[in-house]
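protein.cif follows; it contains mmCIF, C-alpha atoms.
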data_entry
loop_
_atom_site.label_atom_id
_atom_site.label_comp_id
_atom_site.auth_asym_id
_atom_site.auth_seq_id
_atom_site.Cartn_x
_atom_site.Cartn_y
_atom_site.Cartn_z
CA MET A 1 -23.68 -14.20 -21.05
CA ARG A 2 -20.35 -12.58 -21.74
CA TRP A 3 -18.93 -12.12 -25.17
CA ILE A 4 -15.49 -13.65 -24.96
CA TRP A 5 -13.31 -13.06 -27.98
CA ILE A 6 -10.18 -14.97 -27.03
CA ASP A 7 -9.86 -18.74 -26.67
CA LYS A 8 -7.34 -19.22 -23.92
CA PHE A 9 -4.34 -17.82 -22.15
CA VAL A 10 -1.06 -19.59 -22.71
CA GLU A 11 1.11 -17.36 -20.52
CA PHE A 12 0.24 -15.20 -17.56
CA GLN A 13 2.59 -13.29 -15.31
CA SER A 14 0.48 -11.40 -12.83
CA GLY A 15 0.76 -7.62 -13.16
CA ARG A 16 3.23 -7.82 -16.01
CA HIS A 17 2.55 -9.84 -19.10
CA ALA A 18 0.03 -12.18 -20.69
CA VAL A 19 -0.30 -14.13 -23.91
CA ALA A 20 -3.63 -15.36 -25.24
CA ILE A 21 -4.55 -17.09 -28.45
CA LYS A 22 -7.55 -16.83 -30.71
CA ASN A 23 -8.48 -19.24 -33.45
CA VAL A 24 -10.25 -17.60 -36.37
CA THR A 25 -12.93 -19.64 -38.08
CA LEU A 26 -15.24 -19.21 -41.02
CA ALA A 27 -18.05 -20.13 -38.63
CA GLU A 28 -17.85 -16.50 -37.47
CA GLU A 29 -20.70 -15.07 -39.49
CA HIS A 30 -19.32 -11.57 -39.91
CA LEU A 31 -16.52 -13.05 -42.02
CA HIS A 32 -19.10 -13.96 -44.68
CA ASP A 33 -19.73 -10.28 -45.28
CA HIS A 34 -16.30 -8.95 -44.43
CA PHE A 35 -15.73 -9.29 -47.29
CA PRO A 36 -17.81 -11.43 -49.67
CA GLY A 37 -15.36 -13.83 -51.29
CA PHE A 38 -12.46 -12.42 -49.27
CA PRO A 39 -12.95 -13.19 -45.59
CA VAL A 40 -10.57 -11.26 -43.30
CA MET A 41 -10.81 -10.56 -39.57
CA PRO A 42 -11.97 -6.96 -39.02
CA GLU A 43 -9.22 -4.85 -37.48
CA SER A 44 -11.65 -3.51 -34.88
CA LEU A 45 -12.07 -7.08 -33.64
CA MET A 46 -8.31 -7.47 -33.37
CA ILE A 47 -8.38 -4.46 -31.08
CA GLU A 48 -11.20 -6.13 -29.13
CA ALA A 49 -9.14 -9.31 -28.72
CA MET A 50 -6.20 -7.28 -27.44
CA ALA A 51 -8.51 -5.31 -25.13
CA GLN A 52 -9.82 -8.54 -23.61
CA THR A 53 -6.35 -10.05 -23.22
CA SER A 54 -4.89 -6.96 -21.61
CA GLY A 55 -8.09 -6.00 -19.77
CA ILE A 56 -8.03 -9.31 -17.91
CA LEU A 57 -4.30 -8.85 -17.26
CA VAL A 58 -4.96 -5.40 -15.79
CA GLY A 59 -8.00 -6.64 -13.83
CA GLU A 60 -6.12 -9.55 -12.33
CA ALA A 61 -3.31 -7.22 -11.24
CA LYS A 62 -5.79 -5.66 -8.77
CA LYS A 63 -7.42 -9.02 -8.00
CA PHE A 64 -10.50 -8.08 -10.10
CA GLN A 65 -11.55 -5.46 -7.54
CA GLU A 66 -11.48 -2.55 -10.00
CA LYS A 67 -13.88 -1.86 -12.84
CA VAL A 68 -11.47 -1.87 -15.72
CA ILE A 69 -12.71 0.08 -18.73
CA LEU A 70 -10.99 0.54 -22.08
CA ALA A 71 -10.34 4.27 -22.15
CA LYS A 72 -8.04 4.98 -25.04
CA ILE A 73 -6.56 3.31 -28.09
CA LYS A 74 -3.11 4.83 -28.11
CA LYS A 75 -1.91 3.04 -31.17
CA ALA A 76 -3.29 0.49 -33.64
CA VAL A 77 -1.17 -0.39 -36.65
CA PHE A 78 -1.84 -3.41 -38.84
CA PHE A 79 0.66 -5.16 -41.06
CA ASP A 80 -1.18 -8.15 -42.51
CA TYR A 81 -4.59 -9.76 -42.98
CA VAL A 82 -5.89 -12.44 -40.62
CA LYS A 83 -7.93 -15.13 -42.36
CA PRO A 84 -10.15 -18.08 -41.36
CA GLY A 85 -7.97 -20.93 -40.13
CA ASP A 86 -5.38 -18.62 -38.64
CA THR A 87 -4.35 -18.80 -35.00
CA ILE A 88 -3.30 -15.43 -33.70
CA LYS A 89 -1.27 -14.83 -30.59
CA LEU A 90 -2.07 -11.76 -28.48
CA ASP A 91 0.87 -10.63 -26.43
CA ALA A 92 0.16 -7.89 -23.88
CA LYS A 93 2.55 -6.17 -21.52
CA ILE A 94 1.69 -3.73 -18.74
CA GLU A 95 3.79 -0.61 -19.30
CA SER A 96 2.46 1.41 -16.36
CA ILE A 97 -0.13 0.77 -13.72
CA ALA A 98 -1.35 3.21 -11.10
CA GLN A 99 -4.31 3.55 -8.81
CA GLU A 100 -6.43 5.22 -11.50
CA ALA A 101 -5.34 3.61 -14.71
CA ALA A 102 -3.04 1.30 -16.61
CA SER A 103 -1.33 1.45 -19.95
CA ILE A 104 -0.34 -1.60 -21.99
CA SER A 105 1.54 -2.34 -25.17
CA GLY A 106 0.44 -5.23 -27.32
CA LYS A 107 1.56 -7.23 -30.31
CA ILE A 108 -0.43 -9.65 -32.41
CA THR A 109 1.47 -12.34 -34.28
CA ARG A 110 0.65 -15.35 -36.46
CA ALA A 111 3.45 -17.90 -36.28
CA ASP A 112 6.34 -15.44 -36.12
CA LYS A 113 4.85 -12.83 -38.39
CA LEU A 114 3.90 -9.51 -36.85
CA ILE A 115 0.24 -8.75 -37.59
CA ALA A 116 -0.46 -5.69 -35.47
CA GLU A 117 0.83 -3.37 -32.77
CA ILE A 118 -1.89 -2.20 -30.42
CA ASP A 119 -1.28 0.00 -27.37
CA LEU A 120 -4.20 0.65 -25.02
CA MET A 121 -5.12 2.51 -21.88
CA PHE A 122 -7.54 1.32 -19.24
CA SER A 123 -9.25 3.38 -16.59
CA HIS A 124 -10.16 2.10 -13.14
CA ILE A 125 -13.40 4.04 -13.25
CA ASP A 126 -14.11 4.13 -9.53
CA GLN A 127 -10.87 6.08 -9.16
CA ASN A 128 -11.81 8.44 -11.98
CA LEU A 129 -15.40 9.25 -11.17
CA GLY A 130 -15.29 12.94 -12.02
CA GLY A 131 -18.56 13.37 -10.11
CA LYS A 132 -20.35 10.61 -12.02
CA GLU A 133 -21.83 7.62 -10.31
CA PHE A 134 -21.45 4.07 -11.48
CA PRO A 135 -23.27 0.98 -10.22
CA GLN A 136 -21.86 -0.50 -7.05
CA GLU A 137 -21.46 -4.00 -8.36
CA ASN A 138 -18.44 -4.79 -10.43
CA PHE A 139 -20.10 -5.16 -13.84
CA VAL A 140 -16.76 -5.83 -15.49
CA PHE A 141 -15.56 -8.72 -13.35
CA ASP A 142 -18.70 -9.78 -11.53
CA THR A 143 -18.70 -13.03 -9.62
CA GLY A 144 -21.02 -14.65 -12.15
CA THR A 145 -18.42 -14.55 -14.88
CA SER A 146 -16.89 -17.92 -14.21
CA VAL A 147 -15.83 -17.85 -17.85
CA PHE A 148 -12.86 -15.67 -16.86
CA GLU A 149 -11.83 -18.33 -14.40
CA SER A 150 -11.93 -20.99 -17.06
CA LEU A 151 -9.81 -18.84 -19.38
CA LEU A 152 -7.25 -18.41 -16.66
CA ARG A 153 -7.48 -21.74 -14.89
CA ASP A 154 -4.58 -23.40 -16.66
CA VAL A 155 -2.16 -20.51 -16.56
CA LEU A 156 -2.86 -19.39 -13.00
CA SER A 157 -2.50 -22.85 -11.57
CA GLY A 158 0.80 -23.05 -13.40
CA SER A 159 -0.19 -26.04 -15.47
CA ALA A 160 -0.18 -24.32 -18.86
CA GLY A 161 3.21 -25.75 -19.72
CA ALA A 162 2.09 -29.21 -18.73
CA ALA A 163 -1.03 -28.96 -20.87
CA ASP A 164 1.01 -27.86 -23.87
CA SER A 165 3.46 -30.68 -23.60
CA GLU A 166 0.61 -33.12 -23.39
CA GLN A 167 -0.66 -31.82 -26.71
CA ASP A 168 2.76 -32.19 -28.25
CA ARG A 169 2.90 -35.86 -27.46
CA MET B 1 24.31 14.89 -16.74
CA ALA B 2 21.56 17.40 -16.15
CA MET B 3 19.21 18.10 -19.02
CA SER B 4 18.93 21.59 -20.39
CA ARG B 5 15.55 23.28 -20.52
CA ASP B 6 15.54 22.98 -24.30
CA GLU B 7 16.14 19.26 -24.08
CA ILE B 8 13.32 18.88 -21.58
CA MET B 9 11.02 20.92 -23.82
CA GLN B 10 11.90 18.71 -26.77
CA GLN B 11 11.09 15.53 -24.84
CA VAL B 12 7.85 16.99 -23.50
CA GLN B 13 6.93 17.96 -27.05
CA GLU B 14 7.50 14.41 -28.21
CA VAL B 15 5.39 13.01 -25.37
CA LEU B 16 2.50 15.35 -26.21
CA VAL B 17 2.69 14.67 -29.95
CA ASP B 18 2.43 10.93 -29.25
CA ALA B 19 -0.19 11.16 -26.51
CA LEU B 20 -2.51 13.66 -28.17
CA GLY B 21 -1.89 13.05 -31.85
CA VAL B 22 -1.05 16.69 -32.50
CA ASP B 23 1.64 18.18 -34.75
CA ASP B 24 4.87 19.26 -33.12
CA ASP B 25 4.44 22.87 -34.21
CA GLU B 26 1.19 23.01 -32.24
CA VAL B 27 3.03 22.15 -29.03
CA THR B 28 4.26 25.65 -28.18
CA ALA B 29 5.27 26.64 -24.65
CA GLN B 30 2.05 28.64 -24.21
CA ALA B 31 -0.32 26.04 -25.64
CA THR B 32 -2.96 24.84 -23.16
CA LEU B 33 -3.42 21.10 -22.95
CA MET B 34 -7.19 21.12 -22.98
CA GLY B 35 -8.05 24.21 -25.00
CA ASP B 36 -5.32 24.18 -27.63
CA LEU B 37 -4.26 20.54 -27.75
CA GLY B 38 -7.63 18.89 -27.07
CA ALA B 39 -6.58 16.76 -24.08
CA GLU B 40 -9.30 14.89 -22.20
CA SER B 41 -9.13 13.45 -18.71
CA ILE B 42 -7.72 10.06 -19.71
CA ASP B 43 -5.06 11.84 -21.75
CA PHE B 44 -3.71 13.41 -18.57
CA LEU B 45 -3.01 9.96 -17.20
CA ASP B 46 -1.48 8.91 -20.50
CA ILE B 47 0.77 11.99 -20.38
CA VAL B 48 1.79 11.24 -16.78
CA PHE B 49 2.73 7.65 -17.68
CA ARG B 50 4.68 8.77 -20.73
CA LEU B 51 6.54 11.50 -18.82
CA GLU B 52 7.50 8.98 -16.14
CA LYS B 53 9.01 6.75 -18.79
CA ALA B 54 10.65 9.51 -20.81
CA PHE B 55 12.36 11.13 -17.83
CA GLY B 56 12.65 8.19 -15.44
CA ILE B 57 10.72 10.00 -12.71
CA LYS B 58 7.74 9.11 -10.55
CA ILE B 59 4.80 11.49 -10.79
CA PRO B 60 1.98 11.36 -8.25
CA ARG B 61 -0.99 12.35 -10.40
CA GLU B 62 -2.36 15.05 -8.13
CA GLU B 63 1.04 16.70 -8.11
CA LEU B 64 1.18 17.58 -11.80
CA PHE B 65 -2.56 18.03 -12.37
CA PRO B 66 -4.09 18.80 -8.96
CA ALA B 67 -7.21 20.59 -10.20
CA GLU B 68 -9.63 17.68 -9.88
CA ASN B 69 -9.28 17.28 -6.14
CA LEU B 70 -9.58 21.00 -5.74
CA MET B 71 -12.80 21.32 -7.71
CA ASN B 72 -14.60 18.65 -5.73
CA ASP B 73 -14.05 20.40 -2.40
CA SER B 74 -16.72 22.94 -1.39
CA GLU B 75 -14.24 24.72 0.83
CA PHE B 76 -12.22 25.64 -2.22
CA VAL B 77 -15.00 26.41 -4.67
CA HIS B 78 -17.88 28.82 -4.27
CA ASN B 79 -20.29 29.93 -7.01
CA GLY B 80 -18.09 28.45 -9.70
CA LYS B 81 -15.06 30.39 -8.54
CA LEU B 82 -12.12 29.41 -6.42
CA THR B 83 -12.21 30.88 -2.91
CA GLU B 84 -9.22 32.53 -1.27
CA LYS B 85 -8.52 29.25 0.40
CA GLY B 86 -8.81 27.44 -2.94
CA LEU B 87 -6.34 29.86 -4.53
CA ALA B 88 -3.91 29.39 -1.66
CA GLU B 89 -4.20 25.64 -2.10
CA LEU B 90 -3.65 26.00 -5.85
CA ARG B 91 -0.53 28.12 -5.33
CA GLU B 92 0.83 25.53 -2.97
CA LYS B 93 -0.01 22.57 -5.17
CA MET B 94 1.14 24.12 -8.43
CA PRO B 95 4.36 25.98 -7.69
CA HIS B 96 5.43 25.15 -11.25
CA THR B 97 2.63 27.28 -12.70
CA ASP B 98 2.14 31.01 -12.95
CA ILE B 99 -1.41 31.71 -11.76
CA THR B 100 -1.32 35.51 -11.61
CA ALA B 101 -3.69 36.00 -14.54
CA PHE B 102 -6.07 33.37 -13.21
CA GLU B 103 -6.24 35.01 -9.77
CA SER B 104 -8.03 38.11 -11.11
CA ASP B 105 -10.95 35.91 -12.25
CA PRO B 106 -10.66 32.49 -10.63
CA ASP B 107 -13.49 30.92 -12.66
CA ILE B 108 -13.10 27.16 -12.34
CA ASN B 109 -13.96 26.74 -16.00
CA LYS B 110 -10.72 28.52 -16.76
CA LEU B 111 -8.71 26.27 -14.50
CA GLY B 112 -7.92 24.09 -17.50
CA ASP B 113 -6.03 26.98 -19.08
CA LEU B 114 -3.40 26.71 -16.35
CA PHE B 115 -2.23 23.40 -17.72
CA THR B 116 0.16 24.59 -20.36
CA VAL B 117 3.12 22.95 -22.03
CA ASN B 118 5.31 25.37 -20.13
CA ALA B 119 3.86 24.24 -16.80
CA ILE B 120 4.83 20.65 -17.60
CA VAL B 121 8.36 21.70 -18.55
CA ASN B 122 8.65 23.64 -15.28
CA TYR B 123 7.39 20.68 -13.32
CA VAL B 124 9.76 18.20 -14.97
CA GLU B 125 12.68 20.59 -14.54
CA GLY B 126 11.95 20.89 -10.82
CA LYS B 127 11.53 17.17 -10.49
CA LEU B 128 14.86 16.45 -12.23
CA GLU B 129 16.66 19.00 -10.09
CA ALA B 130 15.28 17.45 -6.93
CA ALA B 131 16.34 13.97 -8.03
#
Rendering of file as structure tokens:
Amino acid sequence: MRWIWIDKFVEFQSGRHAVAIKNVTLAEEHLHDHFPGFPVMPESLMIEAMAQTSGILVGEAKKFQEKVILAKIKKAVFFDYVKPGDTIKLDAKIESIAQEAASISGKITRADKLIAEIDLMFSHIDQNLGGKEFPQENFVFDTGTSVFESLLRDVLSGSAGAADSEQDR
Amino acid sequence: MAMSRDEIMQQVQEVLVDALGVDDDEVTAQATLMGDLGAESIDFLDIVFRLEKAFGIKIPREELFPAENLMNDSEFVHNGKLTEKGLAELREKMPHTDITAFESDPDINKLGDLFTVNAIVNYVEGKLEAA
């Protein structure tokens, strides 16, 4: 099982830009303790959501052939709390991508309010072995993770817009 | 308009302050990236990306920081020291760096000391001139 921390992609431009959304719910048990009587989404988990959004963006750019590992949090600044019931939008843009690594800039918003700015770096570890050996199989984007396909199905087939307008009706 | 060396240094300083979270007075010309400024391997890539953006240049990674390829080649390294051939390769790959001091004791553990702020400024200057 994979721990997926975003709900769906709503925009996806291969190799450039992706937008995902996450709905925050009080059914997430950690919110009962973080904090008692004042549930707010932990900032570390906002970074995780951005890492998943942009990690899939970076992985797809190389057709999921690379093992894409979060290597560095370049920036993480938070401007407001996220509470149960909120829908947050995770907007990730590839700033640079090379054979060995990629760097992204990300923004989290709720409605039009800026919640966080998170810039990350990913390593394509097979290109950065430094003498270390990693398993052959792609443990990041292995073929069993059909859940990635379902996250991307709408946006990659180009029907995201159609799905949205259906909801609006 | 061509950038002066001071302007390049200032930009490089900014890049390193952002990439490594150091104070600008730590980023002296002689400071070594690994020893003095605490850079790790992923930081080198971060620095390369940021320099590309800041100066509008394209930097093949092995061009600015060629040490990794060198160290993994047994022809260039023997008993933890660079061989004559390795040194020749280093001179060729890093024309922007003064390696005279390193040549007297080419211990590969000291290779990191060659990556100084000054070496980056030299490299960028050369790259901008060539453009």
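This file, filtered with the PyMOL selection byres ((chain A) within 9 of (chain B)), gives the residues Ala71, Lys72, Lys74, Glu95, Ser96, Ile97, Ala98, Glu100, Ala101, Ala102, Ser103, Met121, Phe122, Ser123, Asn128, Gly130 and Gly131 of chain A.
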Please report the interatomic distance between atom CA of Val27 of chain B and atom CA of Gln13 of chain B in Å with one decimal.
6.1 Å
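Our summary of the geometry notes that atom CA of Lys58 of chain B is positioned 19.6 Å from atom CA of Ser105 of chain A.
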Any idea what the distance is between atom CA of Glu26 of chain B and atom CA of Arg91 of chain B?
27.4 Å
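Residues lying at most 10 Å from (-13.2, -18.0, -19.6) in file coordinates, with only C-alpha atoms considered, are A:Arg2, A:Trp3, A:Ile4, A:Trp5, A:Ile6, A:Asp7, A:Lys8, A:Phe9, A:Thr145, A:Ser146, A:Val147, A:Phe148, A:Glu149, A:Ser150, A:Leu151, A:Leu152, A:Arg153.
Between Met94 of chain B and the residues B:Asn109, B:Thr32, B:Thr116, B:Ser74, the shortest atom-to-atom distance, using all atoms listed in the file, involves B:Thr116.
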Would you list the contacts of Phe55 of chain B as a ChimeraX atom specification, taking every protein, DNA or RNA residue within 12 Å and counting only C-alpha atoms, but skipping same-chain residues closer than 5 positions in sequence?
/B:2-3,7-12,14-15,47-50,121,123-125,127-129,131
For the file shown, report as a list in words the outcome of the PyMOL selection byres ((chain B and resi 106) around 6) at residue level.
Lys81, Leu82, Phe102, Glu103, Asp105 and Asp107 of chain B
Keeping C-alpha atoms, export the residues of the selection given above as an mmCIF file, in the frame of the given file.
data_model
loop_
_atom_site.group_PDB
_atom_site.id
_atom_site.type_symbol
_atom_site.label_atom_id
_atom_site.label_comp_id
_atom_site.auth_asym_id
_atom_site.auth_seq_id
_atom_site.Cartn_x
_atom_site.Cartn_y
_atom_site.Cartn_z
ATOM 1 C CA LYS B 81 -15.060 30.390 -8.540
ATOM 2 C CA LEU B 82 -12.120 29.410 -6.420
ATOM 3 C CA PHE B 102 -6.070 33.370 -13.210
ATOM 4 C CA GLU B 103 -6.240 35.010 -9.770
ATOM 5 C CA ASP B 105 -10.950 35.910 -12.250
ATOM 6 C CA ASP B 107 -13.490 30.920 -12.660
#
Written as a tab-separated table (two decimals) with C-alpha atoms, in the frame of the given file, what is the full residue list that the PyMOL selection byres ((chain A and resi 116) around 9) yields on the file shown?
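The resulting file, expr29.tsv, is reproduced below:
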chain	number	residue	atom	x	y	z
A	46	MET	CA	-8.31	-7.47	-33.37
A	76	ALA	CA	-3.29	0.49	-33.64
A	77	VAL	CA	-1.17	-0.39	-36.65
A	78	PHE	CA	-1.84	-3.41	-38.84
A	79	PHE	CA	0.66	-5.16	-41.06
A	80	ASP	CA	-1.18	-8.15	-42.51
A	106	GLY	CA	0.44	-5.23	-27.32
A	107	LYS	CA	1.56	-7.23	-30.31
A	108	ILE	CA	-0.43	-9.65	-32.41
A	109	THR	CA	1.47	-12.34	-34.28
A	114	LEU	CA	3.90	-9.51	-36.85
A	115	ILE	CA	0.24	-8.75	-37.59
A	117	GLU	CA	0.83	-3.37	-32.77
A	118	ILE	CA	-1.89	-2.20	-30.42
Between B:Ala29, B:Leu37, B:Leu90, B:Val22, which has the minimum distance to Asp6 of chain B (counting all atoms listed in the file)?
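Of B:Ala29, B:Leu37, B:Leu90, B:Val22, the one nearest Asp6 of chain B, counting all atoms listed in the file, is B:Ala29.
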